[in-house]
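**Q** Would you mind keeping the following structure in view while I ask a few things?
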Amino acid sequence: MIVAVLSGFGAALAAPFLHRRLPRWSGWVCALVPLMLFGFFAAQGGEVAAGHTIRAAYEWIPSLGVDFSFSLDGLSLLFALLITGIGVLVVAYASSYLHGHHHLGRFYGLILAFMAAMLGTVLAGDLITLFVFWELTGLCSYLLIGFDHGREAARKAALQALLVTCAGGLALLAGFILLGEGAGSLDLAALLTRGDAVRSHPLYVPILALVLLGAFTKSAQFPFHFWLPGAMEAPTPVSAYLHSATMVKLGIYLLARLSPVLGGTDAWFWSVTLAGGITMVAGGVMALIRSDLKQILAYSTVSALGTLTLLLGLHTPRAATAAMVFLLVHALYKSALFLAAGAVDHGAGTRDLARMGGLARAMPWVALGAGLAALSMAGVAPLAGFIAKELLYEAKLQAPLAAEFVTGAGFVANALTVAVAVMVGYLPFHGRERDTSLHHHRVESLLWLPPLLPALMGLVVGIVPGLTGRWLVAPAVAAVRGVPVPVDLALWHGVNPVFLLGVATVAAGVGIASVRGALLRRLPAGSGPGWGPERGYGLLIDGMLGLARWQTRLLQNGRLRYYLMTVVGAAVFLMGVAILRSGEIPRQLPRPDGGIHEWLAAGVILAGALTAATTTSRLAAVAGLGTVGYGVALVYILYGAPDLAMTQFCIETLSIVLFVLVLYRLPRFSLLSTPGGRVRDLLVAFSVGGFMTVLVLLAVSQTLVPHISTYFLEQSLPAGHGRNVVNVILVDFRALDTLGEITVLAVAALGVYGLMKGRGEGGG
Amino acid sequence: MTLDAFVQLVVLPLLGGGIVLAFVRLVRGPSLPDRVVALDLMATLIIAISAAYAVATGQPAYLDAAIVLALITFLGTVAFAYYLHRRGGGA
Amino acid sequence: MESVLAVVIGGLYAAGLYLMVRRSIVKMVFGLALLGNAANLLIFTVGRLTRGRPPYVPPGGTEPLLPVADPLPQALILTAIVIGFGVQAFALVLIKRVYQTVGTDDLDVMTTTDTDSRSSG
Amino acid sequence: MKLLLFLPLIIPLATAVAGLLAWHRRELQRLLSIGGTAALLAAGVALLSAVQRQGVVSAQAGNWPAPFGITLAADLFSAVMVVVAGAMGLAVAVYSLASADIEHEALGYHPLMQVLLLGVCGSLLTGDLFNLYVWFEVMLIASFVLLALGGRREHMEGAIKYVALNLIASAFFLAGIGILYGVAGTLNMADLARQLREVPHGGTVPVIAALLFAAFGIKAAVFPLFFWLPASYHTPPVAVTTIFSALLTKVGVYVLVRIFTLIFVQEAEAGRTLILAAAGLTMVTGVLGAVAQHEMRRLLSFHIVSQIGYLVMGLGLLTPLALAGTVFFMVHVIAAKSALFLVAGIVKRITGTTELGELGGLYEGRPLVAALFLVPALALAGIPPLSGFWAKLALVRAGLAEERYVVVAVALMVSILTLFSMTKIWAEAFWKDRPVREGEPHAHYHPHIPGGARLLLGVPAVLLALATVAMGVGAEPLFRLSLAAADQLLNPELYIAAVLGVKP
Amino acid sequence: MTPFLSNILLALAWVALTGTYTAGGFFTGAVVGFLVLWIARRGRGTTGYLSKIQAVAGFILFFVRELVLANLRVAHDILTPRHHMTPGIVAVPLDVESDLEITVLATIITLTPGTLSLHVADDRRTLYVHSMYIDDPEALVRGIKEGFERRVREVFR
Amino acid sequence: MQSLLLATAVRLLLPLLLLFSLFLLLRGHNEPGGGFVGGLVAAAAFVLHALAHGVAGARRVLRVEPRQLVAAGLLTALASGVLSLTLGLPFLTGLWSTLPVPVIGHAGTPLLFDAGVYLVVAGMALMIVFSLMEE
Amino acid sequence: MRDTIIAILLGGGTFFAVVAAIGVVRFPDLYMRLSATTKASTLGASLILGGVALFFDDAAVTGKIAAIIVFIVLTAPVAAHMLGRAAYFSGVPLWKESVRDDLGASGEWCKREEEGGGTEG
Ligand code: NA
Ligand code: NA
């Protein structure tokens, strides 16, 4: 199974090269990959239906407790078959639709990678493995949405999708980690047995919230739905379809997958049901008021996702069954419609509903496929959609809480779905031609066959539902519920309230579709994304960018003085905190001591420093520095450090030489800062100075511990063969220091040489 | 008065006072050469102090510091002169 | 004596810092020089002071007669002085080149590498 | 064994000296540079395997017993870092063969690089606080010179800020060492650790810890001490920026981790919230800075800051997993960020610019370069299964386990912003069509990069990008190593025993 | 002065400096001196100094006396409250010719009462001296020429 | 800055200063001094020469490039440390001759090391000053 | 007796050194200050050094001291000359009551101007 998942990535890597070698056959070869995978998973059907879970695991990062593991149960199988089956259609379709596109090879690669990532997600047997593939789907979708990368709109939409799903993804990651902590394992199988522990965990609500955030963003639930219609920027219905009907279902997969662990609580019910309900209705309304075929389908997909979410929120066996059936049915009709819309776009040159009509004459097979799919979507018998709608109403009527409300919302959404079905399955193909400027032409078989196949499948499932129910739906429902649930799908249950509701739905839907035109004219023009969550997203991004610019201008303002002040301020702050925490503030300062020489030396040093700091003459400042240096040397002399004094003299003098050599090129000092600034600087400077004084006093007030110097004094002559202990330290005890020190000198010399000899702008 | 006390109480303080005087000139300037003169004098005084301190402590090691200072201050003065010459005009 | 030197050290830090936050690059380097002296004096003081007894082994002896100044801080300071000198020499020539290429010694003008490449042109 | 600890110092120094002696012989210098870094890498690998076999190892320079002489010591963390330093040195040396200009080489570019590596290895291996200061200065002066070598206005301005702020750091560091010696009477880090544990030291030590945190915080570019980095890192040639970004700030972080797990253990414990706050703010301000940029190298430079936040976060959490995360993150971010800088260099070479506004069309025209950018960029953003993901996973897990929710949330949000800014480069430089400029007939690039140069420019970046993939897909060996390193860091007795020769 | 003599002198200086009054010390000093001379003598012609030991000794004595007297006079001026100086710059025509003679003369002038050698004219025929007491310029110039210049010429010729 | 007096004085001072710098180097192990101060004094000698006679003149007297001095110094210091490695002792372990040598006392690798310091310091100071003066 | 001689030497040296310092403060122009300090400090330092030599009565120390004295005597006048000359040519004025300026009257001044003027960066 691991091979099965990874083969998709392998094929993805190979695809561009394959396409370059065999441009004519690459499509077929690429379609072969999902086909073989479909076959592989279909072959596992028997075992899965028998209630077995097929596993394959590889220790990935044992030190993090992460396994690269996969498991195939009913739920996974349903999704795997959908992903690979649709994959075959999509690749075959693409080879015709994008025929001659100069990046077709890359496109195959991306599609296959995307498919493999989705497959990995639904097959993962480990939370982290799941997350890895989850993020990869987001990444692939980014590259696919932005496939037409020359257009800014495509790039923006791709980014939007990426940011929203990745943000959710990171919440999901946090949720997974907490979940793993709560359950004690990242392994899904183990996790599923520890639902009670998780639900009673103190962090249950945050865990739930984080996981739902991930699922909702991926599944385009309100208020994160806005990225999905944007994803229609993707170049073709191919990838658009993958986004709107396949990838987004991963969120549903996740909810279904974790519902045995997280589901069944009030928090679950209200958050999931509510989000689903709102999405369901809002998606329907949005679909209704669009006129771009792809947009309409995208919003209707949002609505369908809402329905699925709502069903999972109900957390009843019936709802689970309904969800799985609807998932399958929706996949069949929506893929047919999307691919048909692509064919229409290709054949008629437009996706604008207002400009289409009577296309059936030019593309009868497309019309047939679309028509069948639309009927299924509308829930008309004997198509699969009818069965699904019956189950939906049944589940909603049995909702544990707020059943009336749920059913009412369901009715509205379903009616809107019927209306949309009319819009996409009937209006473009029948009636009169609305825009005669368009040149309809026939489309080749690879553009009409892929839509027709799933539509026909819908018919087949509708007519003989039992097999599907037993082999596909029942194992999936068992996985969602955690226990086997009897599933017996049938087309006809007789005339009952549910059936009547369905009839009413269709009637209402057709009615809405017929008054849609009039309705739309009432709406103010351009009432698109001027409001709502998408606007929120825009504001968020703009706000972030504004904040970033503001912050960067504020912090990284280019003024070194400000940097220095901040750095020093931070150091003082840290030390202040440390002093306050330790509570050790020197209570009494030691009395000033020392003889007249010390006072003299101190006075000379301070006077020199004062001169250097305040004089307006550069040379006086240099002289002041020299005085400080000589004064310090005097201190070294007084306290037994003639080597230091010597070195200090040499350095001081050489520094003066350098200052002098450099300074005559430089301008004189001028008074640049404001008096206020100077006062502020003085305050900071003196506070730091005071701090250092206190620190020194603190340090010298402590009792002396034995110093390692004793060793140097003892060993200098016997072991170091030298009477000058300081020198012996420098060239022997701590020669490594000196080695580094002379390296510094060598490099400094190289640096000066480079600065002086290098070609600069103003240098001479 | 012992020699040590003489050095500690008379010689060293007086030489220190000399440094203070030199410093006054250093601050007052007004020209760069004036400051250099002051610095130069300071160096000479430190040589003297080092020598006297060698007597006070009985450590000839301080004389080496004095030698180095004697050798090196000349360089500083010449550098200042070099600067003056290249730049022209008092500071 | 430590207390007197503690004040001197604080004064050096204050003066050095004050110079470093002036607008002239030259003053900045002067400030650095003062900070170097301050740090050295700090090591010297905190390592405890011993008056007039340099750490030499007297002729005939095998180790210095205690008490004697701690040789280790002296060695550390020596190394620090020398490193500081190397760095300061480089910094000095750097500011000279900065002045030559930028045309001013005003630090507040030197903001092109921080600010956005687009706004700075 | 003893030799292995000294080799990472001797090799670069000897190479640098040889380079100085071969001053006018460019080809020989280049050869030396490659040979020296390769030898350093080999020495590092040998050291690492020795440490894996024997635990913490130490040696005494000059054969003077610890704590009197200068100790060199290597545990897993430092050995890993030495290996990384060698690898990065080699990568940059190879890249430089095709990118360094004659002018730079005539001014000592190759020996300077070696000295930089010397400083880095010295800082990583020394077990003596003052010796650490010396190696820091070696590293610093070499970086000063490399930064300023170009002589143009931006080099000068960048260098002056870099120099000034880093010298402040050195001043803090030196003061801290001085006071520490005054109160503890020793400089050997293991001995200091023991002293501070045994002898009551009053209130001075936390203050010293704070001072040193500030000092290394500047070197590591932690908030709010990072200003020098975005001001300067984008100015020198790409090879220089790459080695800076790979090693310098990272050594700062390394030292922070080292001293706060070895010497200032109590202070680290007490200051966790403060450290985490700094980490979070570093991440945020860095990434926001990156978001605001429109030039590739500036943007990447701000990202260095942001990534430092993650590294410091591990220190703030101070658990085995968190420190393992820091170690892993370190290796990851060095590889990923270096690859990105090298790609920026390649882009510059192809197009003559790294301004996002002027770039475009590279995905179309240079798909391999695009892939070469995308992989490390995604790794940096923490997209699984690349290396960055595991690094973040470890830190986030550790953070959640320690119930430090705020910093975890920040870390996660920052990774979205990282992704945002990476996609910004991607969209602008690679996806977008190239803006047609006046006077240019075609919207295509006309690079004249000969095949050999193309190989030299590309191979290091390719290998680094592959490293991010390998460290992601095959994270286990490195992660196990990181955990073992963290274990050593959290058991300083091992280090102390190895240095001072007493039983733990 | 021959290089050999210089070498001997340097070797003696070395012995004095190091305090190693032994054959070994002298030998080392000779080697070091040789090295130093080898370095120092490159790139230019040799110039001799100190050829007459006796003259040198006499000259030094004379010089020390002048030095002390000069200082006492200056000290008097410094310590008394009023300034009674008549300073200025005087041109002294030179008869000495070699670099060394001019240098020694200028040095001595600087170290003696109130005078300071400011500048040697480019044609080396004039020495400009700053003096604090120019009561009679002619006498000042004459004093310099007959006192110092004559002795310098004695020593070096 | 042609000054006859300075030029003449420097002619005398150069050998004296060099002599003294070697003295500081060799006696440094037992008395104040050492490679660093010695190197600086040596450099001062040549800087003085450069101030009096111009950099070209000083370079002629020095004959070798200051950069070569730096390289030679680093090499010397490094070699003095590597020597002990060949005997299986740690880097920078001091090796001492058993025979006393005049002036120095014992001869050993630490003195060689100090000589390296001397060369580096002298070379670097000259490199810096010469580059600045040649501008 | 020896101590007395030493004390006299030290005291005398101190006297001249301090006098030099006072002169540097009191004298009205640079040239006179230069004149004063060169002589007095040279003599002062030499006397003190002589006292020290006598105090240690050690050949090595005496050798060193001789070296210092030679050096001071050799360099101080040259330094004063360099400084005074540079000051003069860079325009440091003589005291207003100076009675004579032969150098200013000669052509040397103008020659310097031409030569030195061009070097300013
Ligand atoms: Na040293
Ligand atoms: Na850095």
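Residue names in the structure tokens use chain letters A, B, ... in the order shown, residue numbers from 1 in each chain, and ligand numbers from 1 in the order shown.
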For ligand 2, list the contacting residues at 8 Å or closer, counting only C-alpha atoms and all ligand atoms, as a PDB file with C-alpha atoms, in the first residue's frame.

**A**
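Result file out_17.pdb:
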ATOM      1  CA  LEU D 140      33.947  38.940  14.135  1.00  0.00           C
ATOM      2  CA  LYS D 219      25.397  37.975  18.176  1.00  0.00           C
ATOM      3  CA  ALA D 220      22.463  35.658  17.709  1.00  0.00           C
ATOM      4  CA  ALA D 221      20.215  38.519  16.517  1.00  0.00           C
ATOM      5  CA  LEU D 229      21.652  41.807  10.736  1.00  0.00           C
ATOM      6  CA  PHE D 244      27.375  34.480   7.584  1.00  0.00           C
ATOM      7  CA  SER D 245      23.795  33.396   7.658  1.00  0.00           C
ATOM      8  CA  LEU D 247      27.251  30.132  10.845  1.00  0.00           C
ATOM      9  CA  LEU D 248      27.552  33.464  12.650  1.00  0.00           C
ATOM     10  CA  THR D 249      24.188  33.972  14.280  1.00  0.00           C
ATOM     11  CA  LYS D 250      24.004  30.259  14.776  1.00  0.00           C
ATOM     12  CA  VAL D 251      27.178  30.285  16.810  1.00  0.00           C
ATOM     13  CA  GLY D 252      25.515  32.970  18.917  1.00  0.00           C
TER      14      GLY D 252
END

**Q** Could you list, as a count of residues only, every residue within 6 Å of stretch 38-50 of chain G, counting only C-alpha atoms and ignoring same-chain residues fewer than 4 positions away?

**A** 12

**Q** Contacts between ligand 1 and chain C, please, where a residue of chain C counts if it comes within 9 Å (with only C-alpha atoms and all ligand atoms); show its shortest atom pair and distance in Å to one decimal, rows by chain and ascending number, as JSON lines.

**A**
{"residue": "C:Ala75", "atom": "CA", "partner": "ligand 1", "partner_atom_place_in_ligand_line": "1 (Na)", "distance": 6.9}
{"residue": "C:Leu76", "atom": "CA", "partner": "ligand 1", "partner_atom_place_in_ligand_line": "1 (Na)", "distance": 7.9}
{"residue": "C:Ile77", "atom": "CA", "partner": "ligand 1", "partner_atom_place_in_ligand_line": "1 (Na)", "distance": 8.6}
{"residue": "C:Leu78", "atom": "CA", "partner": "ligand 1", "partner_atom_place_in_ligand_line": "1 (Na)", "distance": 5.5}
{"residue": "C:Thr79", "atom": "CA", "partner": "ligand 1", "partner_atom_place_in_ligand_line": "1 (Na)", "distance": 4.3}
{"residue": "C:Ala80", "atom": "CA", "partner": "ligand 1", "partner_atom_place_in_ligand_line": "1 (Na)", "distance": 7.9}
{"residue": "C:Ile81", "atom": "CA", "partner": "ligand 1", "partner_atom_place_in_ligand_line": "1 (Na)", "distance": 8.4}
{"residue": "C:Val82", "atom": "CA", "partner": "ligand 1", "partner_atom_place_in_ligand_line": "1 (Na)", "distance": 6.6}
{"residue": "C:Ile83", "atom": "CA", "partner": "ligand 1", "partner_atom_place_in_ligand_line": "1 (Na)", "distance": 8.5}

**Q** For chain C versus chain A, which residues have an atom no more than 6 Å away, and what is each residue's nearest atom pair and distance in Å rounded to one decimal, using only C-alpha atoms, chain-then-number order, as a Markdown table?

**A**
| residue | atom | partner | partner_atom | distance |
| --- | --- | --- | --- | --- |
| C:Met1 | CA | A:Gly594 | CA | 4.4 |
| C:Ser3 | CA | A:Pro592 | CA | 5.6 |
| C:Val4 | CA | A:Pro592 | CA | 5.9 |
| C:Ala6 | CA | A:Thr693 | CA | 4.9 |
| C:Val7 | CA | A:Thr693 | CA | 5.6 |
| C:Gly10 | CA | A:Gly689 | CA | 3.9 |
| C:Gly11 | CA | A:Gly689 | CA | 5.8 |
| C:Tyr13 | CA | A:Gly689 | CA | 5.1 |
| C:Ala14 | CA | A:Ala685 | CA | 4.4 |
| C:Ala15 | CA | A:Ala613 | CA | 5.8 |
| C:Leu17 | CA | A:Ala685 | CA | 5.6 |
| C:Tyr18 | CA | A:Ala685 | CA | 5.4 |
| C:Leu19 | CA | A:Ala613 | CA | 5.8 |
| C:Val21 | CA | A:Arg561 | CA | 4.7 |
| C:Val46 | CA | A:Val700 | CA | 5.7 |
| C:Thr50 | CA | A:Tyr639 | CA | 5.5 |
| C:Arg51 | CA | A:Tyr639 | CA | 4.3 |
| C:Gly52 | CA | A:Gly640 | CA | 4.5 |
| C:Arg53 | CA | A:Gly640 | CA | 4.7 |
| C:Pro54 | CA | A:Gly640 | CA | 3.9 |
| C:Pro55 | CA | A:Val725 | CA | 5.8 |
| C:Tyr56 | CA | A:Asn724 | CA | 4.8 |
| C:Val57 | CA | A:Arg723 | CA | 4.6 |
| C:Glu63 | CA | A:Glu714 | CA | 5.4 |
| C:Ala69 | CA | A:Gly640 | CA | 5.9 |
| C:Pro71 | CA | A:Val726 | CA | 5.3 |
| C:Leu72 | CA | A:Ser709 | CA | 6.0 |
| C:Ala75 | CA | A:Val726 | CA | 5.5 |
| C:Ile83 | CA | A:Glu741 | CA | 5.8 |
| C:Gly86 | CA | A:Leu745 | CA | 5.1 |
| C:Phe90 | CA | A:Ala748 | CA | 5.6 |
| C:Gln100 | CA | A:Gly762 | CA | 5.2 |
| C:Thr101 | CA | A:Gly762 | CA | 4.8 |
| C:Asp108 | CA | A:Arg559 | CA | 5.4 |
| C:Thr111 | CA | A:Gly558 | CA | 4.1 |
| C:Asp114 | CA | A:Gly558 | CA | 5.0 |

**Q** Mind running chain G against chain F at 9 Å and telling me each contacting residue's nearest atom pair with the distance in Å (one decimal), counting only C-alpha atoms, chain and number ascending, as JSON lines?

**A**
{"residue": "G:Phe71", "atom": "CA", "partner": "F:Leu13", "partner_atom": "CA", "distance": 8.4}
{"residue": "G:Leu74", "atom": "CA", "partner": "F:Ala9", "partner_atom": "CA", "distance": 7.5}
{"residue": "G:Thr75", "atom": "CA", "partner": "F:Ala9", "partner_atom": "CA", "distance": 7.5}
{"residue": "G:Val78", "atom": "CA", "partner": "F:Leu6", "partner_atom": "CA", "distance": 6.2}
{"residue": "G:Ala79", "atom": "CA", "partner": "F:Leu6", "partner_atom": "CA", "distance": 8.2}
{"residue": "G:His81", "atom": "CA", "partner": "F:Leu5", "partner_atom": "CA", "distance": 8.1}
{"residue": "G:Met82", "atom": "CA", "partner": "F:Leu6", "partner_atom": "CA", "distance": 7.5}
{"residue": "G:Gly116", "atom": "CA", "partner": "F:Met1", "partner_atom": "CA", "distance": 8.6}

**Q** Grab the residues selected above and save them as a compact mmCIF listing (two decimals), in the first residue's frame with N, CA and C atoms.

**A**
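Saved result, selection_13.txt, follows:
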# COMPACT_ATOMS: atom_id res chain seq x y z
N PHE G 71 67.94 58.05 25.11
CA PHE G 71 66.80 58.14 24.21
C PHE G 71 66.04 59.45 24.38
N LEU G 74 67.97 62.27 23.04
CA LEU G 74 68.03 62.22 21.60
C LEU G 74 66.71 62.66 20.95
N THR G 75 65.62 62.25 21.55
CA THR G 75 64.34 62.46 20.85
C THR G 75 63.64 63.75 21.24
N VAL G 78 64.29 66.75 18.97
CA VAL G 78 63.78 66.51 17.62
C VAL G 78 62.26 66.63 17.62
N ALA G 79 61.65 66.06 18.66
CA ALA G 79 60.20 66.15 18.75
C ALA G 79 59.77 67.60 18.85
N HIS G 81 61.34 70.20 17.86
CA HIS G 81 61.58 70.84 16.56
C HIS G 81 60.47 70.49 15.58
N MET G 82 60.10 69.23 15.50
CA MET G 82 59.05 68.80 14.57
C MET G 82 57.74 69.51 14.86
N GLY G 116 52.61 72.10 0.94
CA GLY G 116 51.69 71.45 1.87
C GLY G 116 50.24 71.62 1.50

**Q** Please provide as a ChimeraX atom specification all residues within 12 Å of stretch 61-66 of chain F, with the sequence filter that same-chain residues fewer than 4 positions apart are discarded (counting only C-alpha atoms).

**A** /A:746,749-750,753 /D:20-21,23 /E:36-44 /F:11,14-15,18,42-43,45-47,49-50,53-57,70-73,119-131

**Q** Using only C-alpha atoms, I'd like every residue of chain F that has an atom within 8 Å of chain A; please write them out as an MDAnalysis selection string.

**A** chainID F and resid 28:34 36:37 40:41 70 74 77:78 92:94 106 110:111 113:114 117 120:121 124:125 127:129 131:133 135

**Q** If we count only C-alpha atoms, what is near A:Ser69 at a cut-off of 6 Å, once residues fewer than 3 positions away on the same chain are taken out, given as a list of chain:residue names?

**A**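 Listing them by chain and then by number gives A:Ala56, A:Ala57, A:Tyr58, A:Ala124, A:Gly125, A:Asp126.
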
**Q** Counting only C-alpha atoms, which residues from chain B have an atom at most 12 Å from any atom of chain E, and could you show them as a ChimeraX atom specification?

**A** /B:63-64,67

**Q** Generate a file of the selected residues that holds all heavy atoms, formatted as a tab-separated table (two decimals), in the first residue's frame.

**A**
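See selection.tsv below for the written result:
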chain	number	residue	atom	x	y	z
B	63	LEU	N	60.78	50.03	35.30
B	63	LEU	CA	61.64	50.79	34.40
B	63	LEU	C	61.40	50.40	32.96
B	63	LEU	O	61.51	51.22	32.05
B	63	LEU	CB	63.11	50.55	34.76
B	63	LEU	CG	63.52	51.25	36.04
B	63	LEU	CD1	64.92	50.80	36.43
B	63	LEU	CD2	63.48	52.76	35.84
B	64	ASP	N	61.05	49.14	32.74
B	64	ASP	CA	60.82	48.71	31.38
B	64	ASP	C	59.63	49.44	30.78
B	64	ASP	O	59.63	49.82	29.61
B	64	ASP	CB	60.60	47.20	31.37
B	64	ASP	CG	61.86	46.47	31.78
B	64	ASP	OD1	62.06	46.29	33.00
B	64	ASP	OD2	62.65	46.13	30.89
B	67	ILE	N	60.91	52.71	29.75
B	67	ILE	CA	61.67	52.68	28.49
B	67	ILE	C	60.72	52.68	27.31
B	67	ILE	O	60.86	53.47	26.36
B	67	ILE	CB	62.54	51.41	28.39
B	67	ILE	CG1	63.54	51.35	29.52
B	67	ILE	CG2	63.23	51.36	27.04
B	67	ILE	CD1	64.57	50.27	29.32

**Q** Would you mind writing down, as a VMD selection string, each residue of chain G that DSSP on the backbone assigns to helix (DSSP H, G or I)?

**A** chain G and resid 2 to 26 30 to 56 59 to 89 102 to 105 108 to 117

**Q** List every residue of chain D that has an atom at most 7 Å from any atom of chain C, giving for each one its closest atom pair and the distance in Å to one decimal, counting only C-alpha atoms, sorted by chain and then by ascending residue number, as a tab-separated table.

**A**
residue	atom	partner	partner_atom	distance
D:Ile141	CA	C:Val87	CA	6.7
D:Arg152	CA	C:Thr101	CA	6.8
D:Arg153	CA	C:Thr101	CA	5.6
D:Glu154	CA	C:Thr113	CA	6.0
D:Met156	CA	C:Val98	CA	5.4
D:Glu157	CA	C:Met110	CA	6.1
D:Gly158	CA	C:Thr113	CA	6.2
D:Ala171	CA	C:Ala39	CA	6.6
D:Leu174	CA	C:Ala39	CA	6.5
D:Ala175	CA	C:Ala39	CA	5.5
D:Gly178	CA	C:Ile43	CA	4.3
D:Ile179	CA	C:Val46	CA	5.9
D:Tyr181	CA	C:Gly47	CA	6.8
D:Gly182	CA	C:Gly47	CA	4.7
D:Pro230	CA	C:Asp114	CA	6.5
D:Ala231	CA	C:Asp114	CA	4.7
D:Ser232	CA	C:Thr113	CA	6.7
D:Gln293	CA	C:Asp116	CA	6.2
D:His294	CA	C:Ser117	CA	6.8
D:Glu295	CA	C:Ser117	CA	6.7

**Q** Skipping near chain neighbours, those fewer than 4 positions away, what residues fall within 6 Å of D:Val83 using only C-alpha atoms, listed as a PyMOL selection string?

**A** chain D and resi 41+44-45

**Q** For the residues in the current selection, export N, CA, C and O atoms as a tab-separated table (two decimals), in the first residue's frame.

**A**
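Okay, this is what ended up in result-v6.tsv:
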chain	number	residue	atom	x	y	z
D	41	LEU	N	35.81	19.43	7.01
D	41	LEU	CA	34.61	18.60	7.04
D	41	LEU	C	34.96	17.19	7.50
D	41	LEU	O	34.28	16.62	8.36
D	44	GLY	N	35.64	17.16	11.10
D	44	GLY	CA	34.39	17.27	11.83
D	44	GLY	C	33.66	15.95	11.90
D	44	GLY	O	33.15	15.54	12.96
D	45	VAL	N	33.60	15.26	10.78
D	45	VAL	CA	32.91	13.97	10.76
D	45	VAL	C	33.61	12.99	11.69
D	45	VAL	O	32.96	12.27	12.47

**Q** When distances are computed from only C-alpha atoms, which of B:Gly29, B:Arg86, B:Tyr62, B:Leu71 shows the smallest separation from chain C?

**A**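 Using only C-alpha atoms, chain C sits closest to B:Tyr62.
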
**Q** Using Å and a single decimal, report how far atom CA of D:Ile218 sits from atom CA of D:Ala401.

**A**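 Result for atom CA of D:Ala401 versus atom CA of D:Ile218: 29.2 Å, one decimal.
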